[in-house]
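> What follows is a structure written as structure tokens; I'll ask about it next.
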Amino acid sequence: MSDMLNVALPKGRLGEKVYDIFERAGFACPSIREQNRKLIFENPEAGVRYFWVKPSDVAIYVERGAADIGVAGKDILLEYKPDVYELADLRMGVCKMAVAAKNGFRDDPTRTLRVATKFENIARRHYASLGRDIDIIHLNGSIEIAPILGLSDVIVDIVETGTTLKENDLSVIEDVLPISARLIANKANFKFKSAAIDRIVSEINQQVGAK
Ligand code: PRP
């Protein structure tokens, strides 16, 4: 573990917005704005090192301490329950987890419901709370195709603008959970770097108007 603050950022537009907040908190790393394919950027003067990682992998880096902090979606935290601290809600990347089906779908409660999803644990917990029997079909992407091809009855997936559902003649039949991006920290490293991490938490809270 180095003295530098190691930060796992989700690759993509959300990650770039998150970097802006970190910059305002005093952790600038100007080279990160250069358009190239590098994945690691550091600024020793500011004591910070950033890694661009696949959004769904951020929690793995943080849980294992390869990154001290990172930004992960609440969907990933609920699905995989990594052993990390959740320190702040960035109120970015706002979307919801929902159940969707073909327009006009009517559920037959006497039959096992076939559910296609990337979020198997979230789906299982949701239907267990309803006492509904389901058969999970685990997919890795383009989940919306499953009900169209008759592979599943419904999907449990992320809905942001709703465009993907609409353009595939699907609609939400039930909301499951609200989702947004969260700041997470490795439990052991947090103790040694709490001063730096606290600066970031307070910058985030100021930005989003939280107490
Ligand atoms: C997510 C999600 C939906 C889409 C929803 O997919 O799985 O497909 O975004 O967004 P919308 O409501 O704004 O249309 P993602 O781009 O993460 O790709 P995926 O197919 O790998 O899930």
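In the structure tokens, chains take letters A, B, ... by order of appearance, with residues numbered from 1 within each chain and ligands from 1 in the order shown.
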Select the residues contacting ligand 1 at a distance of at most 10 Å, based on only C-alpha atoms and all ligand atoms, then format the selection as a list in words.
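Listing the residues within 10 Å of ligand 1 gives Pro55, Ser56, Cys95, Lys96, Met97, Thr117, Lys118, Leu139, Asn140, Gly141, Ser142, Ile143, Glu144, Ile145, Ile155, Val156, Asp157, Ile158, Val159, Glu160, Thr161, Gly162, Thr163, Thr164, Leu165, Lys166, Glu167 and Asn168 of chain A.
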> Residues of the last selection are to be written out with N, CA and C atoms, as an mmCIF file, in the first residue's frame.

data_model
loop_
_atom_site.group_PDB
_atom_site.id
_atom_site.type_symbol
_atom_site.label_atom_id
_atom_site.label_comp_id
_atom_site.auth_asym_id
_atom_site.auth_seq_id
_atom_site.Cartn_x
_atom_site.Cartn_y
_atom_site.Cartn_z
ATOM 1 N N PRO A 55 -16.845 -0.412 -15.105
ATOM 2 C CA PRO A 55 -17.690 -0.019 -13.968
ATOM 3 C C PRO A 55 -18.061 -1.168 -13.038
ATOM 4 N N SER A 56 -18.340 -2.334 -13.613
ATOM 5 C CA SER A 56 -18.755 -3.445 -12.753
ATOM 6 C C SER A 56 -17.585 -4.060 -11.982
ATOM 7 N N CYS A 95 -30.741 5.830 -12.011
ATOM 8 C CA CYS A 95 -31.589 4.980 -12.838
ATOM 9 C C CYS A 95 -32.359 4.063 -11.881
ATOM 10 N N LYS A 96 -33.043 3.075 -12.409
ATOM 11 C CA LYS A 96 -33.727 2.160 -11.487
ATOM 12 C C LYS A 96 -33.607 0.731 -11.986
ATOM 13 N N MET A 97 -33.758 -0.184 -11.049
ATOM 14 C CA MET A 97 -33.840 -1.607 -11.390
ATOM 15 C C MET A 97 -35.332 -1.876 -11.502
ATOM 16 N N THR A 117 -31.914 -12.050 -16.557
ATOM 17 C CA THR A 117 -31.249 -10.928 -15.877
ATOM 18 C C THR A 117 -29.755 -11.137 -15.756
ATOM 19 N N LYS A 118 -29.074 -9.981 -15.575
ATOM 20 C CA LYS A 118 -27.656 -9.984 -15.212
ATOM 21 C C LYS A 118 -27.545 -9.942 -13.695
ATOM 22 N N LEU A 139 -28.114 -13.866 -18.094
ATOM 23 C CA LEU A 139 -27.531 -13.343 -19.338
ATOM 24 C C LEU A 139 -26.514 -12.262 -18.983
ATOM 25 N N ASN A 140 -25.680 -11.909 -19.954
ATOM 26 C CA ASN A 140 -24.629 -10.918 -19.688
ATOM 27 C C ASN A 140 -24.861 -9.562 -20.321
ATOM 28 N N GLY A 141 -25.875 -9.436 -21.137
ATOM 29 C CA GLY A 141 -26.156 -8.148 -21.774
ATOM 30 C C GLY A 141 -27.290 -8.317 -22.758
ATOM 31 N N SER A 142 -27.716 -7.171 -23.344
ATOM 32 C CA SER A 142 -28.844 -7.188 -24.290
ATOM 33 C C SER A 142 -30.006 -8.033 -23.757
ATOM 34 N N ILE A 143 -30.292 -7.852 -22.497
ATOM 35 C CA ILE A 143 -31.301 -8.655 -21.795
ATOM 36 C C ILE A 143 -32.676 -8.507 -22.451
ATOM 37 N N GLU A 144 -32.887 -7.302 -23.030
ATOM 38 C CA GLU A 144 -34.207 -6.991 -23.596
ATOM 39 C C GLU A 144 -34.656 -7.981 -24.672
ATOM 40 N N ILE A 145 -33.708 -8.666 -25.281
ATOM 41 C CA ILE A 145 -34.060 -9.595 -26.356
ATOM 42 C C ILE A 145 -34.786 -10.837 -25.824
ATOM 43 N N ILE A 155 -37.898 -9.529 -17.701
ATOM 44 C CA ILE A 155 -36.484 -9.263 -17.421
ATOM 45 C C ILE A 155 -36.407 -8.418 -16.155
ATOM 46 N N VAL A 156 -35.299 -8.542 -15.445
ATOM 47 C CA VAL A 156 -34.995 -7.621 -14.350
ATOM 48 C C VAL A 156 -33.738 -6.906 -14.806
ATOM 49 N N ASP A 157 -33.857 -5.592 -15.046
ATOM 50 C CA ASP A 157 -32.734 -4.881 -15.644
ATOM 51 C C ASP A 157 -32.774 -3.416 -15.252
ATOM 52 N N ILE A 158 -31.706 -2.713 -15.675
ATOM 53 C CA ILE A 158 -31.610 -1.291 -15.393
ATOM 54 C C ILE A 158 -32.367 -0.499 -16.448
ATOM 55 N N VAL A 159 -33.153 0.460 -15.976
ATOM 56 C CA VAL A 159 -33.863 1.366 -16.881
ATOM 57 C C VAL A 159 -33.398 2.767 -16.553
ATOM 58 N N GLU A 160 -32.908 3.453 -17.589
ATOM 59 C CA GLU A 160 -32.458 4.824 -17.329
ATOM 60 C C GLU A 160 -33.433 5.777 -18.006
ATOM 61 N N THR A 161 -33.344 5.925 -19.310
ATOM 62 C CA THR A 161 -34.292 6.808 -20.008
ATOM 63 C C THR A 161 -35.556 6.047 -20.403
ATOM 64 N N GLY A 162 -35.461 4.724 -20.480
ATOM 65 C CA GLY A 162 -36.596 3.920 -20.927
ATOM 66 C C GLY A 162 -36.603 3.688 -22.437
ATOM 67 N N THR A 163 -35.617 4.272 -23.118
ATOM 68 C CA THR A 163 -35.586 4.178 -24.589
ATOM 69 C C THR A 163 -35.394 2.742 -25.073
ATOM 70 N N THR A 164 -34.500 2.014 -24.423
ATOM 71 C CA THR A 164 -34.237 0.636 -24.879
ATOM 72 C C THR A 164 -35.507 -0.197 -24.799
ATOM 73 N N LEU A 165 -36.254 -0.047 -23.707
ATOM 74 C CA LEU A 165 -37.500 -0.813 -23.572
ATOM 75 C C LEU A 165 -38.474 -0.403 -24.667
ATOM 76 N N LYS A 166 -38.665 0.895 -24.795
ATOM 77 C CA LYS A 166 -39.654 1.425 -25.746
ATOM 78 C C LYS A 166 -39.359 0.946 -27.171
ATOM 79 N N GLU A 167 -38.101 1.028 -27.556
ATOM 80 C CA GLU A 167 -37.754 0.671 -28.931
ATOM 81 C C GLU A 167 -37.814 -0.831 -29.173
ATOM 82 N N ASN A 168 -38.000 -1.592 -28.112
ATOM 83 C CA ASN A 168 -38.128 -3.043 -28.271
ATOM 84 C C ASN A 168 -39.505 -3.546 -27.844
#
> Show me a table, sorted first by chain and then by increasing residue number, of the residues of stretch 119-191 of chain A having an atom at most 12 Å from stretch 61-82 of chain A, each with its shortest atom pair and the distance in Å to one decimal, counting only C-alpha atoms and written as CSV.

residue,atom,partner,partner_atom,distance
A:Phe119,CA,A:Glu79,CA,6.1
A:Glu120,CA,A:Glu79,CA,7.4
A:Asn121,CA,A:Glu79,CA,5.5
A:Ile122,CA,A:Glu79,CA,5.6
A:Ala123,CA,A:Glu79,CA,9.0
A:Arg124,CA,A:Glu79,CA,10.1
A:Arg125,CA,A:Glu79,CA,9.8
A:His126,CA,A:Glu79,CA,11.5
A:Val156,CA,A:Asp75,CA,11.4
A:Asp157,CA,A:Asp75,CA,9.7
A:Ile158,CA,A:Asp75,CA,8.5
A:Val159,CA,A:Asp75,CA,11.5
A:Val176,CA,A:Asp75,CA,10.8
A:Leu177,CA,A:Asp75,CA,8.5
A:Pro178,CA,A:Lys74,CA,8.4
A:Ile179,CA,A:Lys74,CA,5.4
A:Ser180,CA,A:Lys74,CA,5.7
A:Ala181,CA,A:Gly73,CA,4.3
A:Arg182,CA,A:Ala72,CA,5.5
A:Leu183,CA,A:Val71,CA,4.7
A:Ile184,CA,A:Gly70,CA,5.4
A:Ala185,CA,A:Ile69,CA,4.2
A:Asn186,CA,A:Val62,CA,5.2
A:Lys187,CA,A:Glu63,CA,7.7
A:Ala188,CA,A:Gly65,CA,7.9
A:Asn189,CA,A:Asp68,CA,5.9
A:Phe190,CA,A:Asp68,CA,6.9
A:Lys191,CA,A:Asp68,CA,10.2
> Apply DSSP to the backbone of this structure and, from stretch 16-207 of chain A, keep only the residues in strand (DSSP E); write these as an MDAnalysis selection string.
chainID A and resid 40:43 48:53 69:73 85:89 95:102 113:117 134:138 154:159 170:179 181:185
> Identify, on the basis of only C-alpha atoms, every residue whose closest approach to A:Tyr50 does not exceed 7 Å; exclude the query and any residue fewer than 2 positions from it along the same chain; express the result as a PyMOL selection string.
chain A and resi 6-9+40-42+48+52
> Residues as selected, N, CA, C and O atoms, written as an mmCIF file, in the first residue's frame, can you do that?

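Dumped to again-v5.cif:
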data_model
loop_
_atom_site.group_PDB
_atom_site.id
_atom_site.type_symbol
_atom_site.label_atom_id
_atom_site.label_comp_id
_atom_site.auth_asym_id
_atom_site.auth_seq_id
_atom_site.Cartn_x
_atom_site.Cartn_y
_atom_site.Cartn_z
ATOM 1 N N ASN A 6 -5.274 5.802 -3.927
ATOM 2 C CA ASN A 6 -5.528 5.045 -5.158
ATOM 3 C C ASN A 6 -7.026 4.994 -5.418
ATOM 4 O O ASN A 6 -7.784 4.513 -4.573
ATOM 5 N N VAL A 7 -7.403 5.497 -6.593
ATOM 6 C CA VAL A 7 -8.828 5.684 -6.891
ATOM 7 C C VAL A 7 -9.228 4.907 -8.141
ATOM 8 O O VAL A 7 -8.655 5.118 -9.209
ATOM 9 N N ALA A 8 -10.210 4.022 -8.010
ATOM 10 C CA ALA A 8 -10.741 3.302 -9.181
ATOM 11 C C ALA A 8 -11.950 4.074 -9.704
ATOM 12 O O ALA A 8 -12.944 4.242 -8.997
ATOM 13 N N LEU A 9 -11.830 4.564 -10.930
ATOM 14 C CA LEU A 9 -12.939 5.308 -11.540
ATOM 15 C C LEU A 9 -13.604 4.438 -12.596
ATOM 16 O O LEU A 9 -12.918 3.730 -13.338
ATOM 17 N N ILE A 40 -3.839 4.204 -16.265
ATOM 18 C CA ILE A 40 -3.396 4.654 -14.943
ATOM 19 C C ILE A 40 -2.766 6.039 -15.062
ATOM 20 O O ILE A 40 -1.952 6.272 -15.955
ATOM 21 N N PHE A 41 -3.176 6.950 -14.185
ATOM 22 C CA PHE A 41 -2.646 8.310 -14.194
ATOM 23 C C PHE A 41 -2.307 8.682 -12.771
ATOM 24 O O PHE A 41 -3.088 8.409 -11.864
ATOM 25 N N GLU A 42 -1.143 9.342 -12.586
ATOM 26 C CA GLU A 42 -0.874 9.758 -11.214
ATOM 27 C C GLU A 42 -0.301 11.155 -11.134
ATOM 28 O O GLU A 42 0.308 11.646 -12.089
ATOM 29 N N VAL A 48 -2.157 11.432 -5.535
ATOM 30 C CA VAL A 48 -3.292 10.649 -6.027
ATOM 31 C C VAL A 48 -2.938 9.859 -7.291
ATOM 32 O O VAL A 48 -2.099 10.285 -8.091
ATOM 33 N N TRP A 52 -8.659 3.700 -14.551
ATOM 34 C CA TRP A 52 -9.944 3.550 -15.253
ATOM 35 C C TRP A 52 -10.263 2.061 -15.297
ATOM 36 O O TRP A 52 -9.516 1.282 -15.885
#
> When you look at A:Asp169 with a cut-off of 10 Å (counting only C-alpha atoms), what residues show up, excluding the ones that are within fewer than 6 positions of it in the same chain? I need them as a list in words.
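Everything that qualifies: Ala101, Lys102, Asn103, Gly104, Glu144, Ile148 and Thr163 of chain A.
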> For a quick check of understanding, using only C-alpha atoms, which of A:Arg49, A:Arg114, A:Arg37, A:Lys54 has the smallest distance to A:Gly15?
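Smallest distance to A:Gly15 is found for A:Lys54.
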